[in-house]
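Structure data (mmCIF, C-alpha atoms) from coords-v7.cif:
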data_input
loop_
_atom_site.label_atom_id
_atom_site.label_comp_id
_atom_site.auth_asym_id
_atom_site.auth_seq_id
_atom_site.Cartn_x
_atom_site.Cartn_y
_atom_site.Cartn_z
CA VAL A 21 -24.23 -5.60 -21.46
CA ALA A 22 -24.56 -6.46 -17.77
CA LEU A 23 -21.96 -4.07 -16.39
CA GLU A 24 -20.18 -0.92 -17.47
CA ILE A 25 -17.12 -0.20 -15.37
CA TYR A 26 -14.50 2.52 -15.64
CA THR A 27 -10.75 2.39 -15.35
CA SER A 28 -7.97 4.87 -16.05
CA GLY A 29 -6.55 4.96 -19.57
CA SER A 30 -3.00 5.94 -20.46
CA THR A 31 -4.09 9.58 -20.79
CA GLY A 32 -5.63 9.65 -17.35
CA GLU A 33 -9.17 9.93 -18.75
CA PRO A 34 -11.68 7.35 -17.44
CA LYS A 35 -12.29 4.56 -19.95
CA PRO A 36 -15.53 2.51 -20.02
CA ILE A 37 -15.31 -1.29 -20.14
CA THR A 38 -18.40 -3.40 -20.74
CA LYS A 39 -19.07 -6.92 -19.48
CA THR A 40 -21.84 -9.25 -20.59
CA ILE A 41 -23.54 -11.93 -18.52
CA ALA A 42 -21.84 -14.56 -20.72
CA GLN A 43 -18.38 -13.13 -20.05
CA LEU A 44 -18.95 -13.02 -16.31
CA ASP A 45 -20.41 -16.54 -16.30
CA LYS A 46 -17.44 -17.96 -18.23
CA GLU A 47 -15.01 -16.39 -15.77
CA VAL A 48 -16.89 -17.95 -12.85
CA GLN A 49 -16.73 -21.35 -14.60
CA VAL A 50 -12.96 -21.03 -15.07
CA LEU A 51 -12.42 -20.11 -11.41
CA GLU A 52 -14.66 -22.97 -10.23
CA SER A 53 -12.85 -25.48 -12.45
CA LEU A 54 -9.53 -24.60 -10.81
CA TRP A 55 -10.74 -24.14 -7.22
CA PRO A 56 -13.96 -26.11 -6.66
CA SER A 57 -16.15 -24.53 -3.98
CA CYS A 58 -16.75 -26.21 -0.65
CA PRO A 59 -20.48 -26.46 0.13
CA GLY A 60 -21.43 -24.75 3.38
CA SER A 61 -18.46 -22.41 3.44
CA VAL A 62 -19.01 -18.65 3.82
CA VAL A 63 -17.11 -15.98 1.89
CA LEU A 64 -15.56 -13.17 3.98
CA ALA A 65 -13.97 -10.19 2.29
CA THR A 66 -11.90 -7.11 2.97
CA VAL A 67 -12.49 -5.77 -0.57
CA SER A 68 -15.58 -3.95 -1.79
CA HIS A 69 -17.85 -5.18 -4.57
CA GLN A 70 -17.33 -1.73 -6.16
CA HIS A 71 -14.02 -3.07 -7.46
CA ILE A 72 -14.32 -5.63 -10.28
CA TYR A 73 -12.17 -8.10 -8.32
CA GLY A 74 -14.42 -7.79 -5.27
CA MET A 75 -17.56 -8.00 -7.38
CA MET A 76 -16.42 -11.19 -9.11
CA PHE A 77 -14.84 -13.04 -6.18
CA ARG A 78 -16.98 -11.77 -3.31
CA LEU A 79 -20.40 -11.75 -4.99
CA PHE A 80 -20.73 -13.38 -8.41
CA TRP A 81 -18.64 -16.50 -7.82
CA PRO A 82 -20.23 -17.51 -4.48
CA PHE A 83 -23.69 -16.57 -5.79
CA CYS A 84 -23.30 -18.84 -8.84
CA THR A 85 -22.00 -21.73 -6.72
CA GLN A 86 -24.67 -21.42 -4.01
CA ARG A 87 -22.40 -20.26 -1.21
CA ALA A 88 -23.28 -17.63 1.37
CA PHE A 89 -21.28 -14.42 1.49
CA GLU A 90 -21.02 -12.22 4.57
CA GLN A 91 -22.59 -8.82 3.91
CA ARG A 92 -20.34 -7.08 6.46
CA LEU A 93 -17.01 -5.94 5.06
CA CYS A 94 -13.91 -6.74 7.12
CA GLU A 95 -12.31 -3.31 7.37
CA TYR A 96 -9.72 -4.47 9.93
CA THR A 97 -7.98 -7.78 10.53
CA GLU A 98 -9.78 -7.98 13.88
CA ASP A 99 -13.03 -8.20 11.88
CA VAL A 100 -11.70 -11.27 10.03
CA LEU A 101 -11.02 -12.99 13.35
CA GLN A 102 -14.39 -12.04 14.88
CA LEU A 103 -16.37 -13.25 11.86
CA GLY A 104 -14.14 -16.32 11.62
CA TYR A 105 -15.44 -17.37 15.05
CA LEU A 106 -19.00 -17.47 13.63
CA TYR A 107 -18.47 -19.92 10.77
CA PRO A 108 -17.11 -23.49 10.85
CA ARG A 109 -15.73 -22.99 7.31
CA PHE A 110 -14.94 -19.82 5.42
CA SER A 111 -12.75 -18.40 2.68
CA LEU A 112 -11.23 -14.93 2.64
CA ILE A 113 -11.14 -12.55 -0.35
CA SER A 114 -8.57 -9.86 0.35
CA SER A 115 -5.80 -7.66 -1.06
CA PRO A 116 -2.11 -6.93 -0.34
CA SER A 117 -2.95 -3.66 1.42
CA HIS A 118 -4.95 -5.64 4.02
CA LEU A 119 -2.88 -8.82 4.18
CA SER A 120 0.39 -6.92 4.67
CA ARG A 121 -1.09 -5.37 7.84
CA MET A 122 -2.39 -8.52 9.51
CA ASN A 123 -2.22 -8.18 13.30
CA THR A 124 -0.03 -11.11 14.34
CA ALA A 125 -0.78 -10.57 18.05
CA LEU A 126 -4.38 -11.79 17.75
CA GLN A 127 -5.49 -15.31 18.75
CA TRP A 128 -5.50 -16.76 15.25
CA HIS A 129 -4.97 -20.28 16.56
CA ASP A 130 -8.56 -20.17 17.87
CA ILE A 131 -9.87 -20.45 14.28
CA HIS A 132 -7.25 -22.83 12.87
CA GLY A 133 -8.84 -25.33 10.50
CA ARG A 134 -11.74 -23.05 9.60
CA CYS A 135 -10.22 -20.97 6.79
CA LEU A 136 -10.23 -22.99 3.55
CA SER A 137 -8.35 -20.47 1.39
CA VAL A 138 -7.16 -16.88 1.10
CA THR A 139 -7.34 -15.11 -2.26
CA SER A 140 -5.39 -11.91 -2.93
CA SER A 141 -5.46 -9.66 -5.97
CA ALA A 142 -5.03 -6.03 -7.17
CA ALA A 143 -1.21 -6.14 -6.79
CA PRO A 144 1.54 -8.71 -6.18
CA LEU A 145 1.84 -9.76 -2.54
CA HIS A 146 5.29 -9.71 -0.93
CA ALA A 147 6.54 -13.23 -0.23
CA ASN A 148 7.00 -12.57 3.51
CA ASP A 149 3.41 -11.29 3.81
CA SER A 150 2.06 -14.31 1.90
CA LEU A 151 3.92 -16.79 4.12
CA GLN A 152 2.90 -14.94 7.29
CA VAL A 153 -0.80 -14.98 6.40
CA ALA A 154 -0.57 -18.65 5.42
CA GLY A 155 0.88 -19.36 8.87
CA LEU A 156 -1.69 -17.31 10.76
CA LEU A 157 -4.71 -18.87 9.01
CA GLN A 158 -3.13 -22.28 8.33
CA THR A 159 -4.14 -22.31 4.66
CA ASP A 160 -2.90 -21.55 1.17
CA VAL A 161 -2.70 -17.97 -0.05
CA ARG A 162 -3.36 -17.79 -3.77
CA GLU A 163 -2.72 -14.63 -5.72
CA VAL A 164 -4.72 -13.78 -8.82
CA TYR A 165 -3.41 -11.56 -11.60
CA GLY A 166 -5.54 -9.78 -14.17
CA SER A 167 -7.10 -6.46 -15.10
CA SER A 168 -10.48 -4.82 -15.39
CA GLU A 169 -10.39 -5.45 -19.14
CA THR A 170 -9.35 -9.11 -19.04
CA GLY A 171 -10.69 -10.36 -15.72
CA ALA A 172 -8.56 -12.96 -13.92
CA VAL A 173 -5.89 -14.48 -16.18
CA ALA A 174 -3.17 -16.06 -14.00
CA TRP A 175 -2.40 -17.17 -10.46
CA ARG A 176 0.44 -18.23 -8.17
CA ARG A 177 1.11 -19.55 -4.67
CA GLN A 178 4.31 -18.43 -2.98
CA THR A 179 6.42 -20.83 -0.96
CA LYS A 180 9.50 -20.26 1.16
CA GLY A 181 12.77 -19.87 -0.71
CA GLU A 182 11.25 -20.02 -4.22
CA ASP A 183 10.62 -17.40 -6.88
CA ALA A 184 6.94 -18.14 -7.51
CA LEU A 185 5.98 -17.70 -11.16
CA TRP A 186 2.50 -16.93 -12.51
CA CYS A 187 0.56 -19.65 -14.34
CA ALA A 188 -2.34 -19.16 -16.76
CA LEU A 189 -5.85 -20.01 -15.58
CA PRO A 190 -7.49 -22.98 -17.36
CA GLY A 191 -8.54 -22.25 -20.94
CA LEU A 192 -6.49 -19.06 -21.28
CA GLU A 193 -3.49 -18.60 -23.55
CA LEU A 194 -0.79 -16.20 -22.38
CA LYS A 195 2.30 -15.29 -24.38
CA PRO A 196 4.77 -12.41 -24.73
CA SER A 197 4.36 -9.75 -27.41
CA ALA A 198 7.22 -8.43 -29.52
CA ALA A 199 7.71 -5.75 -26.85
CA GLN A 200 7.76 -8.43 -24.10
CA THR A 201 4.39 -7.35 -22.73
CA LEU A 202 1.65 -9.87 -21.95
CA LEU A 203 -0.80 -10.99 -24.65
CA VAL A 204 -4.02 -12.56 -23.34
CA SER A 205 -6.37 -14.86 -25.27
CA SER A 206 -9.35 -15.69 -23.09
CA PRO A 207 -12.75 -17.40 -23.37
CA TYR A 208 -14.30 -14.47 -21.52
CA LEU A 209 -12.98 -11.74 -23.79
CA GLU A 210 -15.45 -10.38 -26.30
CA ASP A 211 -13.00 -10.32 -29.22
CA ASP A 212 -11.00 -13.21 -30.61
CA GLU A 213 -7.95 -10.98 -30.93
CA PRO A 214 -5.47 -11.21 -28.01
CA LEU A 215 -5.55 -8.28 -25.59
CA GLU A 216 -2.22 -6.71 -24.64
CA LEU A 217 -1.59 -5.74 -21.03
CA PRO A 218 1.02 -3.05 -20.23
CA ASP A 219 3.07 -5.34 -17.98
CA GLN A 220 6.48 -6.53 -19.07
CA VAL A 221 6.89 -10.28 -18.60
CA GLU A 222 9.54 -12.98 -18.78
CA PHE A 223 8.39 -16.52 -19.62
CA ASP A 224 10.14 -19.75 -18.70
CA ALA A 225 10.27 -22.88 -20.85
CA GLY A 226 7.12 -24.27 -19.23
CA GLY A 227 4.94 -21.26 -20.04
CA ALA A 228 4.96 -19.71 -16.56
CA PHE A 229 6.06 -16.10 -16.24
CA ARG A 230 7.28 -13.42 -13.87
CA LEU A 231 6.13 -9.80 -13.87
CA LEU A 232 8.82 -7.17 -14.52
CA GLY A 233 6.76 -4.00 -14.06
CA ARG A 234 4.39 -1.76 -15.99
CA ILE A 235 5.48 0.11 -19.09
CA ASP A 236 2.91 2.92 -19.02
CA ARG A 237 2.01 5.59 -16.49
CA ILE A 238 -0.79 3.58 -14.94
CA VAL A 239 0.50 2.15 -11.66
CA LYS A 240 -0.89 0.37 -8.65
CA VAL A 241 -0.54 1.92 -5.20
CA GLU A 242 -1.79 -0.20 -2.28
CA GLY A 243 -3.64 -2.31 -4.86
CA LYS A 244 -5.42 0.74 -6.31
CA ARG A 245 -4.95 1.46 -10.00
CA VAL A 246 -4.13 5.12 -10.66
CA SER A 247 -2.88 7.26 -13.51
CA LEU A 248 0.12 9.36 -12.55
CA SER A 249 -0.84 11.64 -15.44
CA ALA A 250 -4.26 12.22 -13.85
CA ILE A 251 -2.62 13.31 -10.57
CA GLU A 252 -0.35 15.68 -12.50
CA GLN A 253 -3.32 17.16 -14.36
CA ALA A 254 -5.17 17.77 -11.09
CA LEU A 255 -2.16 19.49 -9.52
CA MET A 256 -1.65 21.71 -12.58
CA GLN A 257 -5.27 22.88 -12.27
CA SER A 258 -4.75 24.01 -8.68
CA GLY A 259 -3.27 27.38 -9.63
CA LEU A 260 -0.36 26.68 -7.27
CA VAL A 261 1.68 24.42 -9.58
CA LYS A 262 3.32 25.46 -12.86
CA ASN A 263 4.87 22.12 -13.77
CA CYS A 264 5.21 18.80 -11.97
CA LYS A 265 6.08 15.14 -12.22
CA VAL A 266 4.48 12.39 -10.18
CA LEU A 267 6.29 9.11 -9.58
CA THR A 268 6.19 6.12 -7.28
CA ILE A 269 8.89 5.27 -4.77
CA GLU A 270 9.18 2.08 -2.77
CA ARG A 271 9.75 2.39 0.95
CA LYS A 272 7.98 0.02 3.35
CA ARG A 273 5.26 0.13 0.72
CA VAL A 274 4.76 1.77 -2.67
CA GLU A 275 3.99 5.50 -2.33
CA THR A 276 3.34 8.34 -4.75
CA ALA A 277 5.68 11.32 -4.69
CA VAL A 278 5.65 14.73 -6.37
CA VAL A 279 8.39 16.98 -7.73
CA ALA A 280 6.87 20.36 -8.56
CA GLU A 281 7.69 23.81 -9.86
CA LEU A 282 5.33 26.21 -8.12
CA SER A 283 3.52 29.04 -9.90
CA GLU A 284 3.98 32.65 -8.72
CA THR A 285 0.94 32.20 -6.50
CA GLY A 286 2.36 28.94 -5.16
CA VAL A 287 5.75 30.50 -4.41
CA SER A 288 4.06 33.42 -2.66
CA GLU A 289 1.98 31.10 -0.47
CA LEU A 290 5.04 28.94 0.25
CA HIS A 291 6.89 31.99 1.59
CA SER A 292 3.96 33.47 3.50
CA GLN A 293 2.21 30.35 4.84
CA GLY A 294 4.86 27.64 4.83
CA ARG A 295 5.41 24.26 3.23
CA LYS A 296 2.92 22.37 5.37
CA ILE A 297 0.01 24.66 4.40
CA VAL A 298 0.78 24.47 0.67
CA ILE A 299 1.03 20.66 0.77
CA GLY A 300 -2.22 20.53 2.75
CA LYS A 301 -4.03 22.58 0.08
CA LEU A 302 -2.74 20.36 -2.73
CA ARG A 303 -3.66 17.16 -0.87
CA SER A 304 -7.16 18.53 -0.17
CA LEU A 305 -7.60 19.18 -3.89
CA LEU A 306 -6.49 15.64 -4.77
CA LYS A 307 -8.84 14.13 -2.16
CA GLN A 308 -11.76 15.20 -4.33
CA SER A 309 -10.73 12.73 -7.05
CA PHE A 310 -8.41 10.13 -5.51
CA GLU A 311 -8.55 7.68 -2.63
CA ALA A 312 -6.53 8.43 0.50
CA VAL A 313 -3.94 5.65 -0.02
CA ILE A 314 -3.07 7.14 -3.42
CA LEU A 315 -2.39 10.70 -2.20
CA PRO A 316 1.31 11.70 -2.44
CA ARG A 317 3.22 11.34 0.81
CA ARG A 318 6.52 12.86 -0.41
CA TRP A 319 6.87 16.34 -1.89
CA ARG A 320 9.80 18.29 -3.36
CA PHE A 321 9.41 21.90 -4.48
CA VAL A 322 12.10 22.97 -6.97
CA GLU A 323 12.87 26.01 -9.13
CA ASN A 324 13.29 23.75 -12.17
CA LEU A 325 12.54 20.10 -12.84
CA PRO A 326 15.80 18.10 -13.29
CA TYR A 327 15.91 17.81 -17.08
CA ASN A 328 19.20 16.43 -18.46
CA SER A 329 21.29 17.84 -21.31
CA GLN A 330 19.08 16.01 -23.85
CA GLY A 331 16.00 17.69 -22.44
CA LYS A 332 14.83 14.41 -20.89
CA LEU A 333 13.34 14.07 -17.45
CA THR A 334 14.70 10.73 -16.25
CA LEU A 335 13.15 8.60 -13.54
CA ASP A 336 16.57 8.18 -11.90
CA ALA A 337 16.96 11.95 -11.50
CA LEU A 338 13.51 12.23 -9.94
CA GLN A 339 13.96 9.29 -7.58
CA ALA A 340 17.35 10.62 -6.45
CA MET A 341 15.53 13.60 -4.93
CA PHE A 342 13.87 11.27 -2.41
CA GLU A 343 16.87 9.18 -1.42
CA LYS A 344 17.91 11.34 1.51
CA GLU A 345 18.59 9.35 4.66
CA PRO A 346 15.50 9.56 6.91
CA VAL A 347 15.94 11.69 10.04
CA LYS A 348 15.34 9.45 13.08
CA TRP A 349 17.13 11.26 15.92
CA PRO A 350 16.86 14.65 17.62
CA ASP A 351 19.51 17.29 17.02
CA ILE A 352 21.52 17.30 20.28
CA LYS A 353 22.53 20.90 21.04
CA SER A 354 24.25 20.18 24.36
CA GLN A 355 24.39 17.60 27.15
CA GLN A 356 25.58 17.60 30.75
CA GLU A 357 25.79 15.07 33.58
CA GLN A 358 25.47 15.96 37.23
CA ASP A 359 24.92 13.73 40.25
CA GLY A 360 24.18 10.71 38.06
CA GLN A 361 21.58 12.59 36.01
CA LEU A 362 22.07 13.21 32.29
CA THR A 363 20.35 16.18 30.63
CA MET A 364 20.29 16.46 26.83
CA HIS A 365 19.16 19.70 25.18
CA CYS A 366 17.41 18.59 21.94
CA PHE A 367 15.93 20.28 18.87
CA LEU A 368 13.31 18.29 16.91
CA PRO A 369 13.46 19.08 13.16
CA GLU A 370 10.22 18.85 11.18
CA GLU A 371 11.90 16.28 8.88
CA LEU A 372 11.80 13.64 11.64
CA VAL A 373 10.34 10.51 10.06
CA TYR A 374 8.15 9.94 13.14
CA PHE A 375 6.08 13.07 12.45
CA ASP A 376 4.95 11.61 9.11
CA GLY A 377 1.37 10.38 9.49
CA HIS A 378 1.11 11.12 13.24
CA PHE A 379 -1.11 13.01 12.69
CA GLU A 380 -2.06 14.40 9.27
CA GLY A 381 -2.37 18.18 9.46
CA ASN A 382 -1.15 18.35 13.06
CA PRO A 383 2.04 16.29 13.53
CA ILE A 384 3.18 15.43 17.05
CA LEU A 385 5.97 13.22 18.38
CA PRO A 386 4.66 9.73 19.30
CA GLY A 387 5.16 8.71 22.91
CA VAL A 388 6.75 5.40 21.89
CA VAL A 389 9.51 7.37 20.11
CA GLN A 390 10.32 9.25 23.32
CA VAL A 391 10.66 5.93 25.12
CA HIS A 392 12.80 4.55 22.26
CA TRP A 393 15.17 7.54 22.43
CA ALA A 394 15.47 7.28 26.22
CA GLU A 395 16.41 3.61 25.97
CA ALA A 396 18.84 4.17 23.08
CA PHE A 397 20.65 7.11 24.70
CA GLY A 398 20.59 5.31 28.05
CA ARG A 399 22.46 2.37 26.55
CA LYS A 400 24.90 4.63 24.75
CA LEU A 401 25.63 7.20 27.47
CA LEU A 402 24.69 5.62 30.82
CA GLY A 403 25.94 2.08 30.23
CA VAL A 404 22.51 0.45 30.49
CA LYS A 405 22.70 -3.29 29.75
CA GLY A 406 20.17 -6.09 29.42
CA ARG A 407 16.87 -6.46 27.60
CA PHE A 408 13.85 -4.15 27.65
CA ILE A 409 11.09 -6.02 29.50
CA ARG A 410 8.22 -3.62 30.19
CA LEU A 411 7.18 -0.04 30.83
CA GLU A 412 5.22 0.97 33.92
CA VAL A 413 3.40 4.06 35.19
CA ILE A 414 3.90 6.52 32.38
CA LYS A 415 1.81 9.50 31.38
CA PHE A 416 2.70 11.98 28.66
CA GLN A 417 1.79 15.39 30.07
CA GLN A 418 1.95 17.48 26.89
CA VAL A 419 2.36 17.07 23.14
CA ILE A 420 5.63 17.84 21.34
CA TYR A 421 5.44 19.56 17.97
CA PRO A 422 7.95 19.81 15.10
CA GLN A 423 10.75 22.35 15.62
CA SER A 424 10.35 22.16 19.39
CA THR A 425 13.29 22.42 21.77
CA VAL A 426 13.05 19.93 24.65
CA ASP A 427 15.19 18.49 27.45
CA LEU A 428 15.64 14.74 27.75
CA VAL A 429 16.51 14.04 31.38
CA MET A 430 17.61 10.56 32.40
CA SER A 431 18.95 8.80 35.47
CA TYR A 432 19.79 5.11 35.79
CA THR A 433 19.43 2.91 38.85
CA ALA A 434 21.18 -0.39 38.25
#
Let me see the file written as structure tokens.
Amino acid sequence: VALEIYTSGSTGEPKPITKTIAQLDKEVQVLESLWPSCPGSVVLATVSHQHIYGMMFRLFWPFCTQRAFEQRLCEYTEDVLQLGYLYPRFSLISSPSHLSRMNTALQWHDIHGRCLSVTSSAAPLHANDSLQVAGLLQTDVREVYGSSETGAVAWRRQTKGEDALWCALPGLELKPSAAQTLLVSSPYLEDDEPLELPDQVEFDAGGAFRLLGRIDRIVKVEGKRVSLSAIEQALMQSGLVKNCKVLTIERKRVETAVVAELSETGVSELHSQGRKIVIGKLRSLLKQSFEAVILPRRWRFVENLPYNSQGKLTLDALQAMFEKEPVKWPDIKSQQEQDGQLTMHCFLPEELVYFDGHFEGNPILPGVVQVHWAEAFGRKLLGVKGRFIRLEVIKFQQVIYPQSTVDLVMSYTA
């Protein structure tokens, strides 16, 4: 055994997985047979070697093929550009959580022709993000699918207007099980028996397949594998939660959400200290065991979980609790116009979507939102026409908190 790594099992308990030198070496050989390395190129990465994907693609593969790898991790897309200036040829090992946030305003054309390939894994990459990165770096973006248990098993490259299917890596046999999950036979699995992955699949006549989603309670959030059961167990141990259900919802990205029945202590603290404090305590507890991107961003506290008449707790009923239209505008209490000046008396509810994440534990209204509202109401109420060009000489004198009452005062000079 060369490595022992841990991943979440269906019960939420960590499960050890062992890898031998032979298994790791065979996987490198398979990757090299499909994508031969370019001598002299340097491997850059946004993913850590403490993840099996990062360890294999960032360290083991380049090491075995005599390529240099940059020891500095690219935490931001600006780091990719800065390191890209240093090397005539490089490849990038990344993930959807990084590639979906690529800063398009940077001078990527300065390093055109240097990036040989971009590899993404840990979760499927949205087609728009794949095409955007391919355009910025002028190279192919290849996605790799697999698991900690199996290693890399399939890949795809997305193109405009096509539903890109996954294809098996060389030497691997992939087929559907009776339950339409994926069965993997691989030269770098220890056993000869196929290993079943908890992803539902649909194969075409040529043996390529599309992923239809996971069938267990292990999900991926921002490319991080997490057990929803483990989050539930941690919340139940807080003393504040009597019963709860954790789920994922898809907004701009996949997020975890919680529907919870509070204990007597939890209800008491909710009444005495408020919703924000209770959520803060629960998030602090989860931070001890889970990465920040996994922490729930949406919370609903209920007297009873929404069981149906059959005693079942359906996903539809849980998701419906988060489908409320996001609040994007202030509550206008009154408005008056005098001498060409419009004054709007506004109340800012704490549910405003712009308070979320700006900033954690101390939400304030972003300045850009104030400018956005002024422009929007100016067009609607003052007859402003034309296109927004630029903003000059502005200074925000004080912060605006949730549940504040403020005046928006506007005048328009044509």
Counting only C-alpha atoms, which of A:Ile131, A:Met256, A:Leu126, A:Leu305 gets nearest to Glu98 in chain A? A:Leu126
Please expand the PyMOL selection byres ((chain A and resi 140-157) around 9) into the concrete residues it hits in this file, giving the result as an MDAnalysis selection string. chainID A and resid 73 112:117 119:122 124 128:129 131:139 158:167 177:180 183:184 240:245
For the structure provided, state which residues fall under the PyMOL selection byres ((chain A and resi 321) around 8), and present them as an mmCIF file with C-alpha atoms, in the coordinates of the input.
data_model
loop_
_atom_site.group_PDB
_atom_site.id
_atom_site.type_symbol
_atom_site.label_atom_id
_atom_site.label_comp_id
_atom_site.auth_asym_id
_atom_site.auth_seq_id
_atom_site.Cartn_x
_atom_site.Cartn_y
_atom_site.Cartn_z
ATOM 1 C CA VAL A 279 8.390 16.980 -7.730
ATOM 2 C CA ALA A 280 6.870 20.360 -8.560
ATOM 3 C CA GLU A 281 7.690 23.810 -9.860
ATOM 4 C CA LEU A 282 5.330 26.210 -8.120
ATOM 5 C CA TRP A 319 6.870 16.340 -1.890
ATOM 6 C CA ARG A 320 9.800 18.290 -3.360
ATOM 7 C CA VAL A 322 12.100 22.970 -6.970
ATOM 8 C CA GLU A 323 12.870 26.010 -9.130
#
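Here the question is which of A:Tyr421, A:Phe342, A:Phe89, A:Phe83 gets nearest to Pro369 in chain A using only C-alpha atoms, and that residue is A:Tyr421.
Between CA of Leu192 in chain A and CA of Asp211 in chain A the interatomic distance comes to 13.5 Å.
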Smallest atom-to-atom distance to Phe80 in chain A: which of A:Leu315, A:Glu52, A:Tyr96, A:Leu103, using only C-alpha atoms?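 Selected residue with least distance to Phe80 in chain A: A:Glu52.
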Distance CA of Val426 in chain A-CA of Leu290 in chain A, one decimal place? 27.2 Å
Exercise: Asp351 in chain A partners within 7 Å, only C-alpha atoms, chain neighbours under 2 positions left out, as a ChimeraX atom specification: /A:349,353,366-368
Any chance you can output those residues with C-alpha atoms as a PDB file, in the frame of the given file?
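Below you can see again-v9.pdb, which holds the result:
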ATOM      1  CA  TRP A 349      17.130  11.260  15.920  1.00  0.00           C
ATOM      2  CA  LYS A 353      22.530  20.900  21.040  1.00  0.00           C
ATOM      3  CA  CYS A 366      17.410  18.590  21.940  1.00  0.00           C
ATOM      4  CA  PHE A 367      15.930  20.280  18.870  1.00  0.00           C
ATOM      5  CA  LEU A 368      13.310  18.290  16.910  1.00  0.00           C
TER       6      LEU A 368
END
Could you pull the residues within 8 Å of Arg78 in chain A, counting only C-alpha atoms, minus those fewer than 6 positions along the same chain, as JSON, numbers by chain? {"A": [63, 64, 65, 67, 69, 89, 113]}
So how far away is CA of Arg230 in chain A from CA of Ser197 in chain A, in Å?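 If I compute the distance from CA of Ser197 in chain A to CA of Arg230 in chain A, I get 14.3 Å.
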Taking all atoms listed in the file into account, name the residue in A:Ser288, A:Asn263, A:Gln200, A:Ser111 that is nearest to Pro326 in chain A.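 For Pro326 in chain A, the nearest of the candidates is A:Asn263.
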Evaluate the PyMOL selection byres ((chain A and resi 377-391) around 8) on the structure here and hand back the selected residues as a list in words.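 With the PyMOL selection byres ((chain A and resi 377-391) around 8) on this model, the match is Lys296, Gly300, Tyr374, Phe375, Asp376, His392, Trp393, Ala394, Glu395, Phe416, Val419, Ile420, Tyr421 and Pro422 of chain A.
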Take every atom of range 269-276 of chain A listed in the file, pad by 6 Å on each side, and give me the axis-aligned box centre and edge lengths in Å, one decimal, as JSON.
{"center_x": 6.5, "center_y": 4.2, "center_z": -0.7, "size_x": 18.4, "size_y": 20.3, "size_z": 20.1}
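If all atoms listed in the file are the atoms counted, then among A:Gln49, A:Thr425, A:Gln418, A:Ser283 the closest residue to Tyr208 in chain A is A:Gln49.
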Considering only C-alpha atoms, can you say which of A:Thr38, A:Gln358, A:Ser247, A:Ser309 comes closest to Leu267 in chain A? A:Ser247
What's the 7 Å shell around Val221 in chain A, counting only C-alpha atoms, without same-chain residues fewer than 6 positions away, as a list in words?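 Near neighbours after the sequence-gap exclusion: Pro196, Gln200, Thr201, Leu202, Phe229, Arg230, Leu231 and Leu232 of chain A.
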Excluding Pro346 in chain A and any residue of its chain fewer than 3 positions from it, enumerate the residues within 8 Å of it, using only C-alpha atoms, and give them as JSON, numbers by chain. {"A": [371, 372, 373]}
Selection above as a file: C-alpha atoms, as a compact mmCIF listing (two decimals), in the frame of the given file:
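And here's result.txt as it stands now:
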# COMPACT_ATOMS: atom_id res chain seq x y z
CA GLU A 371 11.90 16.28 8.88
CA LEU A 372 11.80 13.64 11.64
CA VAL A 373 10.34 10.51 10.06
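For range 21-24 of chain A, the list of residues within 8 Å, based on only C-alpha atoms and with local chain neighbours fewer than 6 positions off taken out, reads A:Pro36, A:Ile37, A:Thr38, A:Lys39, A:Thr40, A:Ile41.
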Since fewer atoms than expected are present, regenerate N, CA, C and O atoms for range 168-174 of chain A and write them as a short mmCIF file (atom, residue, chain, number, x, y, z; two decimals), in the coordinates of the input.
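Saved as part_25.cif:
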data_model
loop_
_atom_site.label_atom_id
_atom_site.label_comp_id
_atom_site.auth_asym_id
_atom_site.auth_seq_id
_atom_site.Cartn_x
_atom_site.Cartn_y
_atom_site.Cartn_z
N SER A 168 -9.06 -5.07 -15.19
CA SER A 168 -10.48 -4.82 -15.39
C SER A 168 -10.92 -5.27 -16.78
O SER A 168 -12.03 -5.79 -16.96
N GLU A 169 -10.04 -5.07 -17.77
CA GLU A 169 -10.39 -5.45 -19.14
C GLU A 169 -10.44 -6.96 -19.33
O GLU A 169 -11.34 -7.49 -19.97
N THR A 170 -9.47 -7.68 -18.77
CA THR A 170 -9.35 -9.11 -19.04
C THR A 170 -10.03 -10.00 -18.02
O THR A 170 -10.30 -11.16 -18.30
N GLY A 171 -10.30 -9.48 -16.81
CA GLY A 171 -10.69 -10.36 -15.72
C GLY A 171 -9.46 -11.12 -15.23
O GLY A 171 -8.32 -10.78 -15.56
N ALA A 172 -9.67 -12.18 -14.46
CA ALA A 172 -8.56 -12.96 -13.92
C ALA A 172 -7.91 -13.78 -15.03
O ALA A 172 -8.60 -14.44 -15.81
N VAL A 173 -6.57 -13.74 -15.11
CA VAL A 173 -5.89 -14.48 -16.18
C VAL A 173 -4.81 -15.44 -15.67
O VAL A 173 -4.46 -16.40 -16.36
N ALA A 174 -4.26 -15.20 -14.48
CA ALA A 174 -3.17 -16.06 -14.00
C ALA A 174 -3.19 -16.10 -12.48
O ALA A 174 -3.86 -15.29 -11.82
#
